[in-house]
Structure formats: C-alpha cells, structure tokens
$ cat data.tsv   # TSV, C-alpha atoms
chain	number	residue	atom	x	y	z
V	1	MET	CA	0.00	0.00	0.00
V	2	ASP	CA	1.35	3.42	-0.98
V	3	PRO	CA	1.85	6.08	1.72
V	4	PRO	CA	-0.40	9.15	1.79
V	5	LEU	CA	0.56	11.98	-0.54
V	6	PRO	CA	2.33	15.01	0.92
V	7	THR	CA	0.21	17.83	2.30
V	8	SER	CA	-0.33	20.91	0.14
V	9	GLY	CA	2.75	23.08	-0.17
V	10	THR	CA	5.20	20.35	0.91
V	11	TYR	CA	5.69	18.30	-2.25
V	12	VAL	CA	9.23	19.45	-3.03
V	13	SER	CA	10.37	19.36	0.59
V	14	SER	CA	8.80	15.90	1.01
V	15	ILE	CA	10.85	14.63	-1.93
V	16	ARG	CA	14.07	15.99	-0.46
V	17	GLU	CA	13.41	14.95	3.13
V	18	SER	CA	12.16	11.45	2.35
V	19	CYS	CA	15.12	10.77	0.04
V	20	THR	CA	17.65	11.93	2.63
V	21	LEU	CA	15.98	9.82	5.32
V	22	ILE	CA	15.91	6.65	3.22
V	23	ARG	CA	19.55	7.06	2.14
V	24	GLU	CA	20.60	7.50	5.77
V	25	LYS	CA	18.35	4.67	6.96
V	26	TYR	CA	20.20	2.21	4.72
V	27	ASN	CA	23.57	3.80	5.42
V	28	ILE	CA	24.50	4.68	1.86
V	29	LYS	CA	27.21	7.30	2.27
V	30	ILE	CA	27.91	10.19	-0.09
V	31	SER	CA	31.65	10.35	-0.67
V	32	GLN	CA	32.92	13.90	-0.36
V	33	ASP	CA	36.06	12.84	-2.22
V	34	GLY	CA	33.88	11.39	-4.96
V	35	VAL	CA	31.90	14.63	-5.24
V	36	SER	CA	35.10	16.68	-5.28
V	37	ASN	CA	36.71	14.49	-7.95
V	38	PHE	CA	33.56	14.60	-10.07
V	39	LEU	CA	33.45	18.39	-10.00
V	40	THR	CA	37.20	18.75	-10.55
V	41	ASN	CA	37.06	16.53	-13.65
V	42	LEU	CA	33.89	18.15	-14.99
V	43	LYS	CA	34.76	19.87	-18.26
V	44	ALA	CA	32.90	23.16	-18.59
V	45	GLU	CA	32.37	22.82	-22.33
V	46	ASP	CA	30.90	19.33	-21.97
V	47	TYR	CA	28.67	20.39	-19.10
V	48	GLU	CA	27.32	23.38	-21.02
V	49	ARG	CA	26.72	21.23	-24.08
V	50	LEU	CA	24.95	18.39	-22.30
V	51	LYS	CA	22.99	20.12	-19.54
V	52	SER	CA	20.35	21.24	-22.04
V	53	SER	CA	19.89	17.83	-23.64
V	54	HIS	CA	16.31	17.20	-22.52
V	55	GLY	CA	15.17	15.58	-25.77
V	56	LEU	CA	12.09	17.81	-26.08
V	57	ALA	CA	13.01	20.02	-29.04
V	58	PHE	CA	11.50	18.73	-32.30
V	59	PRO	CA	11.63	20.01	-35.88
V	60	LEU	CA	7.86	20.30	-36.07
V	61	LYS	CA	5.59	23.21	-36.84
V	62	PHE	CA	3.01	23.13	-34.08
V	63	GLU	CA	-0.40	24.69	-34.62
V	64	SER	CA	-0.21	26.48	-31.27
V	65	ALA	CA	1.65	26.62	-27.97
V	66	VAL	CA	-1.03	24.36	-26.45
V	67	ASP	CA	-0.46	21.88	-29.28
V	68	GLU	CA	3.24	21.71	-28.36
V	69	LEU	CA	2.40	21.61	-24.67
V	70	ASN	CA	0.20	18.59	-25.37
V	71	VAL	CA	3.12	16.70	-26.94
V	72	ILE	CA	5.39	17.51	-23.98
V	73	CYS	CA	2.73	16.32	-21.52
V	74	LEU	CA	2.25	13.00	-23.32
V	75	LEU	CA	5.97	12.41	-23.68
V	76	SER	CA	6.35	13.02	-19.95
V	77	ILE	CA	3.58	10.75	-18.70
V	78	LEU	CA	4.82	8.00	-21.06
V	79	ASN	CA	8.46	8.48	-20.08
V	80	PHE	CA	9.09	4.94	-18.84
V	81	LEU	CA	10.00	1.47	-20.26
V	82	HIS	CA	13.66	1.67	-19.16
V	83	GLY	CA	13.39	-1.97	-18.05
V	84	TYR	CA	12.78	-3.05	-21.64
V	85	ARG	CA	15.64	-1.15	-23.25
V	86	LEU	CA	17.47	-4.23	-24.53
V	87	GLU	CA	14.28	-5.83	-25.84
V	88	LEU	CA	13.33	-2.63	-27.66
V	89	LYS	CA	16.83	-2.20	-29.08
V	90	ALA	CA	16.76	-5.75	-30.42
V	91	ARG	CA	13.40	-5.23	-32.14
V	92	THR	CA	13.52	-1.63	-33.34
V	93	GLY	CA	17.04	-0.31	-32.81
V	94	ARG	CA	15.59	2.29	-30.43
V	95	GLY	CA	15.89	2.51	-26.65
V	96	ALA	CA	13.10	3.36	-24.21
V	97	TRP	CA	13.00	7.17	-24.60
V	98	ASP	CA	13.46	7.00	-28.37
V	99	THR	CA	10.63	4.46	-28.59
V	100	ILE	CA	8.24	6.71	-26.68
V	101	THR	CA	9.30	9.72	-28.75
V	102	PHE	CA	8.77	7.70	-31.94
V	103	LEU	CA	5.31	6.68	-30.74
V	104	VAL	CA	4.12	10.17	-29.77
V	105	LEU	CA	5.47	11.85	-32.90
V	106	SER	CA	4.09	9.08	-35.13
V	107	LEU	CA	0.67	9.58	-33.57
V	108	TYR	CA	1.01	13.35	-33.92
V	109	LEU	CA	1.89	13.12	-37.60
V	110	SER	CA	-0.74	10.51	-38.42
V	111	THR	CA	-3.71	11.73	-40.45
V	112	GLU	CA	-6.24	9.41	-38.82
V	113	SER	CA	-7.48	11.99	-36.38
V	114	TYR	CA	-7.51	15.74	-36.01
V	115	PRO	CA	-6.60	17.48	-33.89
V	116	PRO	CA	-3.68	15.11	-33.37
V	117	LEU	CA	-3.29	13.57	-29.93
V	118	SER	CA	-6.64	14.91	-28.79
V	119	THR	CA	-8.44	13.21	-25.93
V	120	SER	CA	-10.74	11.45	-28.39
V	121	HIS	CA	-7.73	10.37	-30.47
V	122	LEU	CA	-6.07	8.81	-27.42
V	123	ALA	CA	-9.31	7.13	-26.34
V	124	SER	CA	-9.72	5.52	-29.75
V	125	LEU	CA	-6.32	3.79	-29.75
V	126	THR	CA	-6.18	0.01	-29.54
V	127	LYS	CA	-3.28	-2.16	-28.43
V	128	GLU	CA	-2.80	-3.27	-32.02
V	129	LYS	CA	-2.59	0.32	-33.26
V	130	LEU	CA	-0.19	1.25	-30.48
V	131	ALA	CA	2.13	-1.61	-31.40
V	132	GLU	CA	2.03	-0.46	-35.01
V	133	PHE	CA	2.87	3.14	-34.11
V	134	MET	CA	5.70	1.93	-31.85
V	135	GLY	CA	7.17	-0.08	-34.70
V	136	LEU	CA	6.68	-3.36	-32.84
V	137	LYS	CA	5.47	-6.70	-34.16
V	138	THR	CA	3.19	-8.49	-31.74
V	139	HIS	CA	3.97	-11.94	-33.14
V	140	VAL	CA	7.14	-13.75	-34.14
V	141	GLU	CA	7.43	-16.48	-36.74
V	142	LYS	CA	8.79	-19.79	-35.48
V	143	GLN	CA	9.33	-23.16	-37.06
V	144	HIS	CA	6.70	-25.73	-36.11
V	145	GLU	CA	8.22	-28.53	-34.04
V	146	THR	CA	7.01	-31.34	-36.29
V	147	LEU	CA	5.58	-29.80	-39.47
V	148	PRO	CA	7.51	-27.97	-42.23
V	149	ILE	CA	5.65	-24.70	-41.61
V	150	GLN	CA	6.15	-21.38	-39.83
V	151	ILE	CA	3.71	-20.50	-37.07
V	152	GLY	CA	3.07	-17.18	-35.37
V	153	GLU	CA	3.60	-16.90	-31.62
V	154	VAL	CA	2.87	-13.96	-29.37
V	155	ASP	CA	6.02	-11.99	-28.54
V	156	GLN	CA	5.64	-11.88	-24.75
V	157	ASP	CA	8.04	-8.97	-24.25
V	158	VAL	CA	6.20	-6.85	-26.83
V	159	LYS	CA	2.87	-7.85	-25.27
V	160	GLU	CA	4.07	-6.64	-21.87
V	161	ILE	CA	5.45	-3.36	-23.29
V	162	VAL	CA	2.30	-2.55	-25.25
V	163	GLU	CA	0.02	-3.36	-22.33
V	164	LEU	CA	1.93	-1.00	-20.03
V	165	VAL	CA	1.78	1.87	-22.55
V	166	TYR	CA	-1.84	1.18	-23.43
V	167	GLY	CA	-2.81	1.18	-19.76
V	168	VAL	CA	-1.36	4.66	-19.18
V	169	ILE	CA	-2.79	6.12	-22.39
V	170	SER	CA	-6.30	4.74	-21.84
V	171	GLU	CA	-6.35	5.79	-18.19
V	172	THR	CA	-5.15	9.30	-19.09
V	173	ALA	CA	-7.73	9.62	-21.87
V	174	ASP	CA	-10.48	8.49	-19.51
V	175	ILE	CA	-9.52	11.12	-16.93
V	176	LEU	CA	-9.39	13.87	-19.57
V	177	GLN	CA	-12.77	12.81	-20.96
V	178	LYS	CA	-14.38	12.96	-17.52
V	179	GLN	CA	-12.98	16.46	-17.07
V	180	LYS	CA	-14.21	17.41	-20.58
V	181	GLU	CA	-10.73	18.43	-21.72
V	182	LYS	CA	-9.98	18.45	-25.43
V	183	SER	CA	-6.41	17.34	-24.83
V	184	PHE	CA	-3.75	16.87	-22.17
V	185	GLY	CA	-2.30	20.17	-23.37
V	186	SER	CA	-5.53	22.04	-22.67
V	187	TRP	CA	-5.67	20.48	-19.19
V	188	MET	CA	-2.09	21.59	-18.56
V	189	GLU	CA	-2.72	25.10	-19.84
V	190	ARG	CA	-5.58	25.43	-17.38
V	191	ALA	CA	-3.43	24.02	-14.56
V	192	LEU	CA	-0.64	26.50	-15.32
V	193	THR	CA	-3.11	29.38	-15.32
V	194	GLU	CA	-5.02	28.41	-12.18
V	195	SER	CA	-1.85	27.65	-10.21
V	196	LYS	CA	0.04	30.66	-11.58
V	197	ALA	CA	2.72	28.09	-12.50
V	198	ASP	CA	3.51	27.42	-8.84
V	199	ASN	CA	5.60	24.25	-8.58
V	200	GLU	CA	3.90	22.99	-5.43
V	201	LYS	CA	0.40	23.47	-6.80
V	202	LEU	CA	1.32	21.94	-10.16
V	203	LEU	CA	2.94	18.88	-8.61
V	204	LYS	CA	-0.14	18.27	-6.48
V	205	LEU	CA	-2.49	18.71	-9.45
V	206	LEU	CA	-0.50	16.27	-11.58
V	207	VAL	CA	-0.03	13.62	-8.91
V	208	VAL	CA	-3.59	13.75	-7.57
V	209	THR	CA	-5.23	13.81	-11.01
V	210	PHE	CA	-3.13	11.22	-12.86
V	211	PRO	CA	-2.09	7.97	-11.13
V	212	ALA	CA	0.71	7.51	-13.69
V	213	PHE	CA	2.52	10.41	-11.99
V	214	ARG	CA	2.11	8.92	-8.50
V	215	ASP	CA	5.72	7.86	-8.01
V	216	VAL	CA	5.58	7.07	-4.27
V	217	TYR	CA	6.65	4.10	-2.12
V	218	GLU	CA	6.62	2.88	1.44
V	219	ILE	CA	9.79	1.12	2.51
V	220	ASP	CA	9.88	-0.42	5.97
V	221	GLY	CA	7.35	2.13	7.16
V	222	GLN	CA	9.20	5.06	5.61
V	223	PRO	CA	7.49	7.03	2.79
V	224	VAL	CA	9.57	7.82	-0.26
V	225	TYR	CA	8.42	10.49	-2.71
V	226	LEU	CA	10.14	10.74	-6.11
V	227	PHE	CA	7.58	12.03	-8.67
V	228	LYS	CA	10.11	11.63	-11.47
V	229	LYS	CA	7.81	12.16	-14.46
V	230	ALA	CA	5.93	15.09	-12.92
V	231	LEU	CA	9.21	16.90	-12.20
V	232	PHE	CA	10.44	16.07	-15.71
V	233	LEU	CA	7.28	17.63	-17.14
V	234	LEU	CA	7.58	20.86	-15.16
V	235	ASN	CA	11.21	21.23	-16.17
V	236	GLY	CA	10.41	20.38	-19.78
V	237	ILE	CA	7.75	23.10	-19.98
V	238	SER	CA	10.10	25.64	-18.41
V	239	HIS	CA	12.99	24.68	-20.69
V	240	VAL	CA	11.21	24.41	-24.04
V	241	PHE	CA	9.10	27.55	-23.78
V	242	SER	CA	12.00	29.72	-22.63
V	243	LEU	CA	14.46	28.75	-25.36
V	244	PRO	CA	16.19	31.74	-27.03
V	245	GLY	CA	14.32	33.16	-30.01
V	246	ARG	CA	10.94	31.77	-29.01
V	247	PRO	CA	7.89	34.01	-28.69
V	248	THR	CA	6.60	34.52	-25.17
V	249	ALA	CA	4.39	31.62	-24.11
V	250	PRO	CA	0.69	32.44	-23.67
V	251	PHE	CA	0.80	30.95	-20.16
V	252	GLN	CA	3.04	31.28	-17.13
V	253	LEU	CA	6.04	28.97	-16.90
V	254	PRO	CA	7.15	27.08	-13.80
V	255	ASP	CA	10.55	27.87	-12.29
V	256	SER	CA	12.48	24.62	-12.42
V	257	SER	CA	15.79	26.02	-11.15
V	258	ARG	CA	15.11	24.82	-7.59
V	259	LEU	CA	13.57	21.46	-8.34
V	260	PRO	CA	15.23	18.17	-7.35
V	261	ILE	CA	16.33	15.68	-10.00
V	262	PHE	CA	14.07	13.30	-11.91
V	263	ALA	CA	15.38	10.04	-10.47
V	264	ASP	CA	15.46	7.06	-12.84
V	265	ASN	CA	17.97	4.23	-13.22
V	266	VAL	CA	20.51	6.13	-15.34
V	267	ILE	CA	21.35	8.84	-12.79
V	268	PRO	CA	22.14	6.49	-9.87
V	269	THR	CA	24.11	4.25	-12.24
V	270	MET	CA	26.28	7.19	-13.31
V	271	LEU	CA	26.72	8.30	-9.70
V	272	MET	CA	27.75	4.78	-8.71
V	273	HIS	CA	30.19	4.64	-11.62
V	274	HIS	CA	31.76	7.97	-10.63
V	275	GLY	CA	32.29	6.90	-7.03
V	276	ILE	CA	29.81	9.35	-5.53
V	277	PHE	CA	28.43	6.69	-3.17
V	278	SER	CA	30.13	4.54	-0.58
V	279	PHE	CA	28.38	1.20	-0.06
V	280	GLU	CA	30.80	-0.47	2.35
V	281	GLU	CA	28.49	0.05	5.33
V	282	ALA	CA	25.14	-0.14	3.50
V	283	THR	CA	22.69	-2.22	5.52
V	284	GLU	CA	20.55	-3.63	2.69
V	285	PRO	CA	22.53	-6.65	1.38
V	286	SER	CA	21.28	-6.52	-2.22
V	287	VAL	CA	21.97	-2.79	-2.51
V	288	ARG	CA	25.38	-3.15	-0.88
V	289	SER	CA	26.38	-6.01	-3.20
V	290	LEU	CA	25.26	-4.17	-6.33
V	291	GLY	CA	26.84	-0.90	-5.23
V	292	LEU	CA	30.20	-2.54	-4.57
V	293	GLN	CA	30.19	-4.02	-8.06
V	294	TYR	CA	29.93	-0.55	-9.56
V	295	THR	CA	32.34	1.23	-7.23
V	296	THR	CA	35.00	-1.45	-7.89
V	297	ASN	CA	34.36	-1.39	-11.66
V	298	SER	CA	33.27	-5.03	-11.62
V	299	PHE	CA	29.73	-4.36	-12.76
V	300	PRO	CA	27.84	-7.06	-14.63
V	301	SER	CA	27.60	-7.52	-18.37
V	302	PRO	CA	25.51	-4.93	-20.26
V	303	ASP	CA	23.77	-7.88	-21.92
V	304	VAL	CA	22.40	-9.10	-18.58
V	305	PRO	CA	21.51	-6.01	-16.50
V	306	PRO	CA	20.75	-6.60	-12.81
V	307	ARG	CA	16.98	-6.70	-12.27
V	308	LEU	CA	16.06	-4.95	-9.03
V	309	GLU	CA	12.98	-5.26	-6.88
V	310	LYS	CA	10.86	-2.14	-6.39
V	311	LYS	CA	12.26	-1.59	-2.87
V	312	HIS	CA	15.92	-1.70	-3.88
V	313	ALA	CA	15.35	0.46	-6.95
V	314	ALA	CA	13.54	3.07	-4.87
V	315	ILE	CA	16.38	3.16	-2.33
V	316	LEU	CA	18.97	3.84	-5.05
V	317	ARG	CA	16.77	6.39	-6.81
V	318	ALA	CA	16.21	8.21	-3.51
V	319	ALA	CA	19.93	8.19	-2.76
V	320	SER	CA	20.58	9.77	-6.16
V	321	VAL	CA	18.20	12.64	-5.39
V	322	ASP	CA	20.13	13.40	-2.22
V	323	ALA	CA	23.53	13.01	-3.88
V	324	CYS	CA	22.69	15.35	-6.76
V	325	SER	CA	21.60	17.96	-4.23
V	326	VAL	CA	25.03	17.70	-2.60
V	327	ILE	CA	26.80	17.92	-5.98
V	328	ALA	CA	24.75	20.95	-7.04
V	329	LYS	CA	25.47	22.82	-3.79
V	330	ALA	CA	29.18	22.00	-3.90
V	331	GLY	CA	29.52	23.08	-7.53
V	332	ASN	CA	27.10	26.03	-7.45
V	333	LEU	CA	24.96	24.27	-10.06
V	334	THR	CA	21.25	23.57	-10.38
V	335	GLU	CA	20.05	20.05	-9.73
V	336	VAL	CA	18.04	19.89	-12.96
V	337	ASP	CA	21.19	20.74	-14.94
V	338	VAL	CA	23.17	18.08	-13.07
V	339	ASP	CA	20.39	15.63	-13.91
V	340	ALA	CA	20.40	16.54	-17.60
V	341	TYR	CA	24.19	16.30	-17.77
V	342	LEU	CA	24.40	12.89	-16.10
V	343	TRP	CA	21.59	11.50	-18.26
V	344	ALA	CA	23.12	12.81	-21.48
V	345	VAL	CA	26.73	11.97	-20.71
V	346	ALA	CA	25.69	8.34	-20.13
V	347	LYS	CA	25.16	8.17	-23.90
V	348	ASP	CA	27.98	10.49	-24.91
V	349	THR	CA	31.02	8.21	-24.88
V	350	LYS	CA	31.64	4.57	-25.69
V	351	GLU	CA	32.97	3.98	-22.19
V	352	LEU	CA	29.86	5.31	-20.45
V	353	ARG	CA	27.50	3.64	-22.91
V	354	GLY	CA	29.13	0.40	-21.81
V	355	VAL	CA	28.31	0.91	-18.14
V	356	THR	CA	25.57	-1.55	-17.23
V	357	ARG	CA	22.34	0.05	-16.05
V	358	TRP	CA	20.32	-1.86	-13.50
V	359	ILE	CA	16.62	-2.16	-14.28
V	360	GLU	CA	13.21	-2.57	-12.68
V	361	ARG	CA	10.67	-4.35	-14.85
V	362	GLY	CA	6.95	-3.68	-14.86
V	363	THR	CA	7.06	-0.09	-13.63
V	364	ILE	CA	5.35	2.84	-15.38
V	365	MET	CA	7.13	5.44	-13.23
V	366	TYR	CA	10.48	5.69	-15.04
$ encode --input "data.tsv" --output "structure tokens"
Amino acid sequence: MDPPLPTSGTYVSSIRESCTLIREKYNIKISQDGVSNFLTNLKAEDYERLKSSHGLAFPLKFESAVDELNVICLLSILNFLHGYRLELKARTGRGAWDTITFLVLSLYLSTESYPPLSTSHLASLTKEKLAEFMGLKTHVEKQHETLPIQIGEVDQDVKEIVELVYGVISETADILQKQKEKSFGSWMERALTESKADNEKLLKLLVVTFPAFRDVYEIDGQPVYLFKKALFLLNGISHVFSLPGRPTAPFQLPDSSRLPIFADNVIPTMLMHHGIFSFEEATEPSVRSLGLQYTTNSFPSPDVPPRLEKKHAAILRAASVDACSVIAKAGNLTEVDVDAYLWAVAKDTKELRGVTRWIERGTIMY
C-alpha cells in the first residue's frame, strides 16, 4: 500500500526529506572525495553542451503553444519502459526514450485523427494500433516442431510493453474525458493558469489527477516520494518555452531552477560509476552487493543487466536525489542541470554507454 501523498505546499520538501531519510536509513554514504573528484574533472564545455539535452526540441511546426504543450505532456507521462531497453533495441534499434518519442510523434503526424493527440484520439487507440505506431510486431514467426511450416507466436516482451503503454494512455484519456478536456495540453494550460505556475500546486495537481505520476513508495514504514515524471514535465515546460528566439508563451512557466532531480535508473548508475556513493556500510545486502560491483568497476555484463525489486530500486533512486543535491550545492549548479548532464553523458562516450544500467521491470514510473 502506498503512503499518503504530501500535504499541500510540501511536495518538493517531502521529496528531499524522504530521500535523505531513506539514504541515511540504509547507510548509503555520499563520498565527499567522490563529489570533489567529479566536480574537478567536470569539463565546462561538456557540461554546457549536455545540460540542455532534454530531448524535447522537435523540428515540427506546431499549430499552437497548447499543441506543443500537449506533446510535452504526453511524452512526460509516457516516459518509462527503461526496463525493456534491450528488448526494444533488439526489435527496433531504439531505446526506451526513443521508442516513446517515436510513438508520440508518429501519432502526432498521423492523419487518422484531427486534432492530433486529442483526448478522443487517445481514447480511440487500440493495443494493435499502439504496437504499429511503436514499430513493434506483436507476433514472431517460429518453425513448427514437427511440421515444415512457420507459425506465429505472441512476442511476450512486446505484449508486456504494449500493455503498459496502453494502460497509461487509456487511463489518461479516460480522466481527460471525464474532465471534458480536449487534450492533455488544454488540461495543462488550465493548470498553469489556475496555479500561476507554482511548482507545489502543479505537482499536487498532476499527482492527484493522474495515477501515472504517483511515483511514491513505502519502505519499511518510511514514505519515499520521487515524482520523477511530474518533475520532468515541469522542467520540460520551463525549458522548451524559454528557449532563445521563441515568442513569449501564452501561459506562465514554472521555475524549475530549484527542483530536485528526476530520479530514474541512469542517474544512480552514473553516480555509482563515478564513485559518488560509498556502499561499504550499507545495511541492505542486495543494494550493498550491487553498489560494490559498480564502485570497484566489476559491474555485470551490459547484456544481462541486474533486475532490481521495487524496494531496492527506490532506495537507489532516492539516494541519487540526495547526492545530486550535494553535488549541485558543492559546484554552485542547479540540480536539474546536473540531472540533464548525467543523463546525457551516459550516452555520450563509448565507455559510459558500456556501463551496465540496473533495471526494474513492470514499472510505469520511469
């Protein structure tokens, strides 16, 4: 059972406080030497180049700001599937984020419904159509065991992926229909206006309204609040609509400069690789064992990523929120920029692309 949501006005502080408490509870230390070495070796030109790599700028001509806002909202709520990265790569050549981007943009550019990605458009989608727009085949051809013929079998990994995405899209469309919203973008425009783009009010609206943003856990009686996708969305809106050369947005923009990071599996993996954590005295055996593999550069093969339980994944994600806060303060940086840099640099060099990322299957939160 999930813990109760934070009280109004305490969403950001609840993220920070719960993440610090859970890191300390399991005795995962933040290495001051590791932080210092990370900042010392941080190349300014690389940091400036990668800190703005949010993956939300597209060469499309949107009909309106709300039209673009709609795309950003859908990309954010569907920003998961990390646990199926290898399966997606094998079938489409695209990873999790690229698969979701491909899906949303394919739906946007399709001529089957106008306006594109409207509430009615989302509600009309079937699992079969989703698979098609994701570039996935639901069946694989296999040789019959006794007869000289090929037979079609359900691809179980694809089935699981499509069902997760379909579940979020159909649930979101149902909520928007009940609220008589034309699109997710129109809902978000109203939320920005009514909240005056206040981060606390927006986080509460998103998390209370849409279960797919409810990234919360209870671990040994301790609540842990992460809200990864909701934070990603607020930062994405702030970033995209304030890019140089853009006209002023017709709605207020949230201030993401003081938000915590959007904890997934990539950020803690990079922090572990860079020696930011010390796991020698960690009290959760599975977390300690995994952490020591990374800090001693004996991590497992990229072809067989460690599969974590929800509890252990949440502990590491929470620890990464706390660690990035320490890094940002020590380097006079913003946490959202540290997040963007670590996420982008993980794909920037052959060495870092080869660092195995642990995964959690079945989650729609990251």
$ residues_around --input "data.tsv" --residues "segment 46-59 of chain V" --least-positions-apart "5" --cutoff "8 Å" --atoms "only C-alpha atoms" --output "short mmCIF file (atom, residue, chain, number, x, y, z; two decimals) with C-alpha atoms, keeping the file's coordinate frame"
data_model
loop_
_atom_site.label_atom_id
_atom_site.label_comp_id
_atom_site.auth_asym_id
_atom_site.auth_seq_id
_atom_site.Cartn_x
_atom_site.Cartn_y
_atom_site.Cartn_z
CA ILE V 72 5.39 17.51 -23.98
CA GLY V 236 10.41 20.38 -19.78
CA VAL V 240 11.21 24.41 -24.04
CA ASP V 337 21.19 20.74 -14.94
CA VAL V 338 23.17 18.08 -13.07
CA ASP V 339 20.39 15.63 -13.91
CA ALA V 340 20.40 16.54 -17.60
CA TYR V 341 24.19 16.30 -17.77
CA ALA V 344 23.12 12.81 -21.48
CA VAL V 345 26.73 11.97 -20.71
#
$ closest_residue --input "data.tsv" --among "V:Ile169, V:Arg258, V:Thr10, V:Val154" --to "Asn79 of chain V" --atoms "all atoms listed in the file"
V:Ile169
$ closest_residue --input "data.tsv" --among "V:Ser31, V:Asn297, V:Ser118, V:Ser106" --to "Ala173 of chain V" --atoms "all atoms listed in the file"
V:Ser118
$ residues_near_point --input "data.tsv" --point "(14.0, 6.1, -5.3)" --cutoff "9 Å" --atoms "all atoms listed in the file" --output "list in words"
Cys19, Ile22, Asp215, Val216, Tyr217, Val224, Tyr225, Leu226, Ala263, Asp264, Lys310, Lys311, His312, Ala313, Ala314, Ile315, Leu316, Arg317, Ala318, Ala319, Ser320 and Val321 of chain V
$ atom_distance --input "data.tsv" --atom1 "atom CA of Lys204 of chain V" --atom2 "atom CA of Ala323 of chain V"
24.4 Å
